[in-house]
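Colleague: Contents are mmCIF, C-alpha atoms; chains and numbers go by the auth columns; file name my_file_20.cif:
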data_run
#
loop_
_atom_site.group_PDB
_atom_site.id
_atom_site.type_symbol
_atom_site.label_atom_id
_atom_site.label_comp_id
_atom_site.label_asym_id
_atom_site.label_seq_id
_atom_site.Cartn_x
_atom_site.Cartn_y
_atom_site.Cartn_z
_atom_site.B_iso_or_equiv
_atom_site.auth_seq_id
_atom_site.auth_asym_id
ATOM 1 C CA MET A 1 -127.947 179.098 88.377 0.00 9 A
ATOM 2 C CA MET A 2 -128.607 175.485 89.260 0.00 10 A
ATOM 3 C CA ASP A 3 -127.726 172.705 86.798 0.00 11 A
ATOM 4 C CA MET A 4 -131.014 171.588 85.288 0.00 12 A
ATOM 5 C CA PHE A 5 -129.726 168.726 83.140 0.00 13 A
ATOM 6 C CA THR A 6 -127.275 165.976 83.970 0.00 14 A
ATOM 7 C CA ALA A 7 -126.647 164.273 80.592 0.00 15 A
ATOM 8 C CA ILE A 8 -127.603 163.944 76.961 0.00 16 A
ATOM 9 C CA THR A 9 -129.089 160.466 76.654 0.00 17 A
ATOM 10 C CA HIS A 10 -130.477 160.332 73.102 0.00 18 A
ATOM 11 C CA SER A 11 -129.840 161.960 69.754 0.00 19 A
ATOM 12 C CA GLN A 12 -131.895 161.328 66.623 0.00 20 A
ATOM 13 C CA ILE A 13 -131.170 160.954 62.933 0.00 21 A
ATOM 14 C CA TYR A 14 -133.536 160.052 60.131 0.00 22 A
ATOM 15 C CA VAL A 15 -133.058 156.874 58.145 0.00 23 A
ATOM 16 C CA LEU A 16 -135.176 155.573 55.272 0.00 24 A
ATOM 17 C CA ASP A 17 -134.900 151.899 56.191 0.00 25 A
ATOM 18 C CA GLN A 18 -134.265 150.802 59.768 0.00 26 A
ATOM 19 C CA ASP A 19 -133.040 147.328 58.829 0.00 27 A
ATOM 20 C CA GLU A 20 -130.508 148.822 56.411 0.00 28 A
ATOM 21 C CA ALA A 21 -129.532 151.279 59.155 0.00 29 A
ATOM 22 C CA LEU A 22 -128.910 148.346 61.515 0.00 30 A
ATOM 23 C CA ASP A 23 -126.709 146.672 58.926 0.00 31 A
ATOM 24 C CA PHE A 24 -124.657 149.855 58.570 0.00 32 A
ATOM 25 C CA TYR A 25 -124.444 151.084 62.168 0.00 33 A
ATOM 26 C CA VAL A 26 -124.124 147.667 63.832 0.00 34 A
ATOM 27 C CA GLY A 27 -122.732 145.483 61.039 0.00 35 A
ATOM 28 C CA LYS A 28 -120.192 147.947 59.664 0.00 36 A
ATOM 29 C CA LEU A 29 -119.530 150.621 62.299 0.00 37 A
ATOM 30 C CA GLY A 30 -119.620 148.165 65.210 0.00 38 A
ATOM 31 C CA LEU A 31 -122.244 149.878 67.337 0.00 39 A
ATOM 32 C CA GLU A 32 -124.696 147.744 69.285 0.00 40 A
ATOM 33 C CA VAL A 33 -128.465 147.737 69.493 0.00 41 A
ATOM 34 C CA ALA A 34 -129.543 149.473 72.679 0.00 42 A
ATOM 35 C CA ALA A 35 -133.297 149.186 72.066 0.00 43 A
ATOM 36 C CA ASP A 36 -135.512 147.734 69.348 0.00 44 A
ATOM 37 C CA ALA A 37 -139.172 147.964 70.271 0.00 45 A
ATOM 38 C CA ASP A 38 -142.382 147.995 68.260 0.00 46 A
ATOM 39 C CA LEU A 39 -144.450 150.753 69.841 0.00 47 A
ATOM 40 C CA GLY A 40 -147.328 150.143 67.458 0.00 48 A
ATOM 41 C CA PHE A 41 -147.176 153.585 65.914 0.00 49 A
ATOM 42 C CA MET A 42 -143.405 153.407 65.308 0.00 50 A
ATOM 43 C CA ARG A 43 -140.319 151.250 65.785 0.00 51 A
ATOM 44 C CA TRP A 44 -138.089 152.628 68.545 0.00 52 A
ATOM 45 C CA LEU A 45 -134.621 151.628 67.368 0.00 53 A
ATOM 46 C CA THR A 46 -131.527 152.930 69.106 0.00 54 A
ATOM 47 C CA VAL A 47 -127.841 152.076 68.867 0.00 55 A
ATOM 48 C CA SER A 48 -124.907 152.951 71.074 0.00 56 A
ATOM 49 C CA ILE A 49 -121.180 152.495 71.325 0.00 57 A
ATOM 50 C CA PRO A 50 -120.489 149.137 72.996 0.00 58 A
ATOM 51 C CA HIS A 51 -120.464 149.428 76.777 0.00 59 A
ATOM 52 C CA GLN A 52 -121.878 152.985 76.635 0.00 60 A
ATOM 53 C CA PRO A 53 -125.663 152.462 76.661 0.00 61 A
ATOM 54 C CA GLU A 54 -126.233 155.769 78.444 0.00 62 A
ATOM 55 C CA ARG A 55 -125.794 157.651 75.116 0.00 63 A
ATOM 56 C CA GLN A 56 -128.054 156.362 72.340 0.00 64 A
ATOM 57 C CA ILE A 57 -128.783 157.337 68.734 0.00 65 A
ATOM 58 C CA LEU A 58 -132.398 156.958 67.636 0.00 66 A
ATOM 59 C CA LEU A 59 -132.541 155.683 64.051 0.00 67 A
ATOM 60 C CA GLU A 60 -135.951 157.094 63.197 0.00 68 A
ATOM 61 C CA ARG A 61 -137.943 156.547 60.033 0.00 69 A
ATOM 62 C CA PRO A 62 -139.726 159.795 59.091 0.00 70 A
ATOM 63 C CA GLY A 63 -143.420 159.450 59.795 0.00 71 A
ATOM 64 C CA PRO A 64 -146.235 159.702 62.306 0.00 72 A
ATOM 65 C CA PRO A 65 -146.691 160.493 65.109 0.00 73 A
ATOM 66 C CA ARG A 66 -144.003 163.167 64.970 0.00 74 A
ATOM 67 C CA LEU A 67 -144.509 164.104 61.321 0.00 75 A
ATOM 68 C CA SER A 68 -147.632 164.249 59.205 0.00 76 A
ATOM 69 C CA THR A 69 -147.717 161.911 56.209 0.00 77 A
ATOM 70 C CA GLU A 70 -147.089 164.862 53.866 0.00 78 A
ATOM 71 C CA THR A 71 -144.171 166.228 55.873 0.00 79 A
ATOM 72 C CA ALA A 72 -142.677 162.740 56.284 0.00 80 A
ATOM 73 C CA GLN A 73 -142.660 162.339 52.499 0.00 81 A
ATOM 74 C CA GLN A 74 -140.923 165.706 52.122 0.00 82 A
ATOM 75 C CA VAL A 75 -138.281 164.653 54.653 0.00 83 A
ATOM 76 C CA ARG A 76 -137.758 161.317 52.834 0.00 84 A
ATOM 77 C CA ASP A 77 -137.385 163.202 49.534 0.00 85 A
ATOM 78 C CA LEU A 78 -134.808 165.551 51.044 0.00 86 A
ATOM 79 C CA LEU A 79 -132.888 162.632 52.564 0.00 87 A
ATOM 80 C CA THR A 80 -132.844 160.837 49.217 0.00 88 A
ATOM 81 C CA LYS A 81 -131.391 163.960 47.591 0.00 89 A
ATOM 82 C CA GLY A 82 -128.726 164.211 50.288 0.00 90 A
ATOM 83 C CA ALA A 83 -130.077 167.601 51.332 0.00 91 A
ATOM 84 C CA MET A 84 -131.167 166.781 54.865 0.00 92 A
ATOM 85 C CA GLY A 85 -128.844 164.608 56.823 0.00 93 A
ATOM 86 C CA GLY A 86 -127.995 164.605 60.493 0.00 94 A
ATOM 87 C CA HIS A 87 -124.481 164.782 61.896 0.00 95 A
ATOM 88 C CA LEU A 88 -122.652 162.396 64.189 0.00 96 A
ATOM 89 C CA ILE A 89 -119.104 162.725 65.492 0.00 97 A
ATOM 90 C CA PHE A 90 -117.370 159.803 67.184 0.00 98 A
ATOM 91 C CA SER A 91 -113.969 159.674 68.841 0.00 99 A
ATOM 92 C CA THR A 92 -111.395 156.957 68.292 0.00 100 A
ATOM 93 C CA ASP A 93 -107.967 156.132 69.672 0.00 101 A
ATOM 94 C CA ASP A 94 -106.514 155.544 66.182 0.00 102 A
ATOM 95 C CA CYS A 95 -108.204 157.334 63.286 0.00 103 A
ATOM 96 C CA ARG A 96 -106.113 155.766 60.530 0.00 104 A
ATOM 97 C CA LYS A 97 -106.546 152.220 61.847 0.00 105 A
ATOM 98 C CA THR A 98 -110.313 152.715 62.205 0.00 106 A
ATOM 99 C CA TYR A 99 -110.456 154.186 58.698 0.00 107 A
ATOM 100 C CA GLU A 100 -108.673 151.144 57.223 0.00 108 A
ATOM 101 C CA ALA A 101 -110.860 148.692 59.155 0.00 109 A
ATOM 102 C CA LEU A 102 -114.057 150.381 57.937 0.00 110 A
ATOM 103 C CA ARG A 103 -112.797 150.605 54.352 0.00 111 A
ATOM 104 C CA GLY A 104 -112.207 146.865 54.569 0.00 112 A
ATOM 105 C CA LYS A 105 -115.911 146.472 55.423 0.00 113 A
ATOM 106 C CA GLY A 106 -116.917 148.458 52.350 0.00 114 A
ATOM 107 C CA VAL A 107 -117.606 151.796 54.030 0.00 115 A
ATOM 108 C CA GLU A 108 -117.203 154.655 51.555 0.00 116 A
ATOM 109 C CA PHE A 109 -115.549 157.829 52.824 0.00 117 A
ATOM 110 C CA THR A 110 -116.001 161.455 51.840 0.00 118 A
ATOM 111 C CA GLU A 111 -112.673 162.447 53.382 0.00 119 A
ATOM 112 C CA GLU A 112 -109.558 160.493 54.292 0.00 120 A
ATOM 113 C CA PRO A 113 -107.856 160.901 57.691 0.00 121 A
ATOM 114 C CA THR A 114 -106.474 164.427 57.877 0.00 122 A
ATOM 115 C CA GLU A 115 -104.322 166.209 60.452 0.00 123 A
ATOM 116 C CA ARG A 116 -106.272 169.057 62.104 0.00 124 A
ATOM 117 C CA PRO A 117 -105.399 171.470 64.917 0.00 125 A
ATOM 118 C CA TYR A 118 -107.524 169.326 67.276 0.00 126 A
ATOM 119 C CA GLY A 119 -106.300 165.904 66.078 0.00 127 A
ATOM 120 C CA ILE A 120 -106.833 163.563 63.139 0.00 128 A
ATOM 121 C CA ASP A 121 -110.272 163.062 61.644 0.00 129 A
ATOM 122 C CA CYS A 122 -112.094 161.822 58.547 0.00 130 A
ATOM 123 C CA GLY A 123 -115.594 161.833 57.138 0.00 131 A
ATOM 124 C CA LEU A 124 -118.183 159.533 55.627 0.00 132 A
ATOM 125 C CA ARG A 125 -121.912 159.388 55.013 0.00 133 A
ATOM 126 C CA ASP A 126 -124.339 156.679 55.992 0.00 134 A
ATOM 127 C CA PRO A 127 -126.577 155.142 53.302 0.00 135 A
ATOM 128 C CA PHE A 128 -129.154 157.889 53.942 0.00 136 A
ATOM 129 C CA GLY A 129 -126.924 160.955 53.637 0.00 137 A
ATOM 130 C CA ASN A 130 -126.189 161.541 57.320 0.00 138 A
ATOM 131 C CA SER A 131 -122.713 162.969 57.868 0.00 139 A
ATOM 132 C CA ILE A 132 -120.407 161.015 60.159 0.00 140 A
ATOM 133 C CA ARG A 133 -116.952 161.996 61.323 0.00 141 A
ATOM 134 C CA PHE A 134 -114.584 160.308 63.701 0.00 142 A
ATOM 135 C CA THR A 135 -111.733 162.025 65.397 0.00 143 A
ATOM 136 C CA GLN A 136 -108.558 160.995 67.165 0.00 144 A
ATOM 137 C CA PRO A 137 -108.050 163.907 69.588 0.00 145 A
ATOM 138 C CA LYS A 138 -104.558 165.339 70.011 0.00 146 A
ATOM 139 C CA ALA A 139 -102.702 163.706 72.865 0.00 147 A
#
What would you get if you wrote out this structure as structure tokens?

Modeller:
Amino acid sequence: MMDMFTAITHSQIYVLDQDEALDFYVGKLGLEVAADADLGFMRWLTVSIPHQPERQILLERPGPPRLSTETAQQVRDLLTKGAMGGHLIFSTDDCRKTYEALRGKGVEFTEEPTERPYGIDCGLRDPFGNSIRFTQPKA
């Protein structure tokens, strides 16, 4: 079978406030803005790891055109309750050092760095309930 796809370029998570999302993902986690465009019907806002613009995360506010007004409100309600978050997993060269640096910026964690069979990882949530982990793979 021939390879139909060559890469994953974008992933999406819902956020309630795109400016607050920028403050968290860029200001605290150190990602960079890959795109910030007013499309009229929505703001196309993506972030990426510095120097890796080929893989972007769309920070999307629930709403039209993808969701009806009613459905968008239901999604916002679920996000607010912490019942509908996305998941992101990043890799790092030093999990404990990254953990300490982010704690110093006020990031709150759900799990401290822990030894796992695959390496060291820890967990946190963004301001909207999305689950984030970062892992230092075993050498």

Colleague: Do a neighbour search on Pro125 of chain A at 12 Å with all atoms listed in the file, toss out local chain neighbours closer than 2 positions, and write the hits as a list in words.

Modeller: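 Returned residues: Thr122, Glu123, Gly127, Ile128, Asp129, Thr143, Gln144, Pro145, Lys146 and Ala147 of chain A.
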
Colleague: Convert the current residue selection to file output with C-alpha atoms, as a PDB file, in the frame of the given file.

Modeller:
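Result went into result03.pdb, see below:
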ATOM      1  CA  THR A 122    -106.474 164.427  57.877  1.00  0.00           C
ATOM      2  CA  GLU A 123    -104.322 166.209  60.452  1.00  0.00           C
ATOM      3  CA  GLY A 127    -106.300 165.904  66.078  1.00  0.00           C
ATOM      4  CA  ILE A 128    -106.833 163.563  63.139  1.00  0.00           C
ATOM      5  CA  ASP A 129    -110.272 163.062  61.644  1.00  0.00           C
ATOM      6  CA  THR A 143    -111.733 162.025  65.397  1.00  0.00           C
ATOM      7  CA  GLN A 144    -108.558 160.995  67.165  1.00  0.00           C
ATOM      8  CA  PRO A 145    -108.050 163.907  69.588  1.00  0.00           C
ATOM      9  CA  LYS A 146    -104.558 165.339  70.011  1.00  0.00           C
ATOM     10  CA  ALA A 147    -102.702 163.706  72.865  1.00  0.00           C
TER      11      ALA A 147
END

Colleague: With all atoms listed in the file counted, which protein, DNA or RNA residues have an atom no more than 8 Å from (-119.2, 166.0, 66.0) in the file frame? Please answer as an mmCIF file with C-alpha atoms, keeping the file's coordinate frame.

Modeller:
data_model
loop_
_atom_site.group_PDB
_atom_site.id
_atom_site.type_symbol
_atom_site.label_atom_id
_atom_site.label_comp_id
_atom_site.auth_asym_id
_atom_site.auth_seq_id
_atom_site.Cartn_x
_atom_site.Cartn_y
_atom_site.Cartn_z
ATOM 1 C CA HIS A 95 -124.481 164.782 61.896
ATOM 2 C CA LEU A 96 -122.652 162.396 64.189
ATOM 3 C CA ILE A 97 -119.104 162.725 65.492
ATOM 4 C CA PHE A 98 -117.370 159.803 67.184
ATOM 5 C CA ILE A 140 -120.407 161.015 60.159
ATOM 6 C CA ARG A 141 -116.952 161.996 61.323
ATOM 7 C CA PHE A 142 -114.584 160.308 63.701
#

Colleague: One number please: atom CA of Arg124 of chain A to atom CA of Asn138 of chain A, in Å, one decimal.

Modeller: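 Computed distance, atom CA of Arg124 of chain A to atom CA of Asn138 of chain A, equals 21.8 Å.
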
Colleague: Applied to this file, what does the PyMOL selection byres ((chain A and resi 133) around 12) return in terms of residues, put as a ChimeraX atom specification?

Modeller: /A:23,29,32-33,37,87,90,92-97,115-119,130-132,134-142

Colleague: Can you list, as a list of chain:residue names, every protein, DNA or RNA residue that comes within 12 Å of Leu30 of chain A when you count all atoms listed in the file, leaving out same-chain residues fewer than 3 positions away?

Modeller: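 The contact residues come out as A:Val23, A:Leu24, A:Asp25, A:Gln26, A:Asp27, A:Tyr33, A:Val34, A:Gly35, A:Lys36, A:Leu37, A:Gly38, A:Leu39, A:Glu40, A:Val41, A:Ala42, A:Ala43, A:Asp44, A:Leu53, A:Thr54, A:Val55, A:Ser56, A:Ile65, A:Leu66, A:Leu67, A:Glu68, A:Asp134, A:Pro135.
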
Colleague: Mind giving me the straight-line distance from atom CA of Pro70 of chain A to atom CA of Arg84 of chain A in Å, one decimal?

Modeller: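 Computed distance, atom CA of Pro70 of chain A to atom CA of Arg84 of chain A, equals 6.7 Å.
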
Colleague: Report, in Å to a single decimal, how far apart atom CA of Thr14 of chain A and atom CA of Pro58 of chain A are.

Modeller: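 Atom CA of Thr14 of chain A lies at a distance of 21.2 Å from atom CA of Pro58 of chain A.
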
Colleague: Find, counting all atoms listed in the file, the residue in A:Leu75, A:Ala45, A:Lys105, A:Gln60 that gets nearest to Tyr22 of chain A.

Modeller: A:Leu75

Colleague: For the structure provided, state which residues fall under the PyMOL selection byres ((chain A and resi 49) around 10), and present them as a list in words.

Modeller: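 Output from the PyMOL selection byres ((chain A and resi 49) around 10), applied to this file: Asp46, Leu47, Gly48, Met50, Arg51, Trp52, Gly71, Pro72 and Pro73 of chain A.
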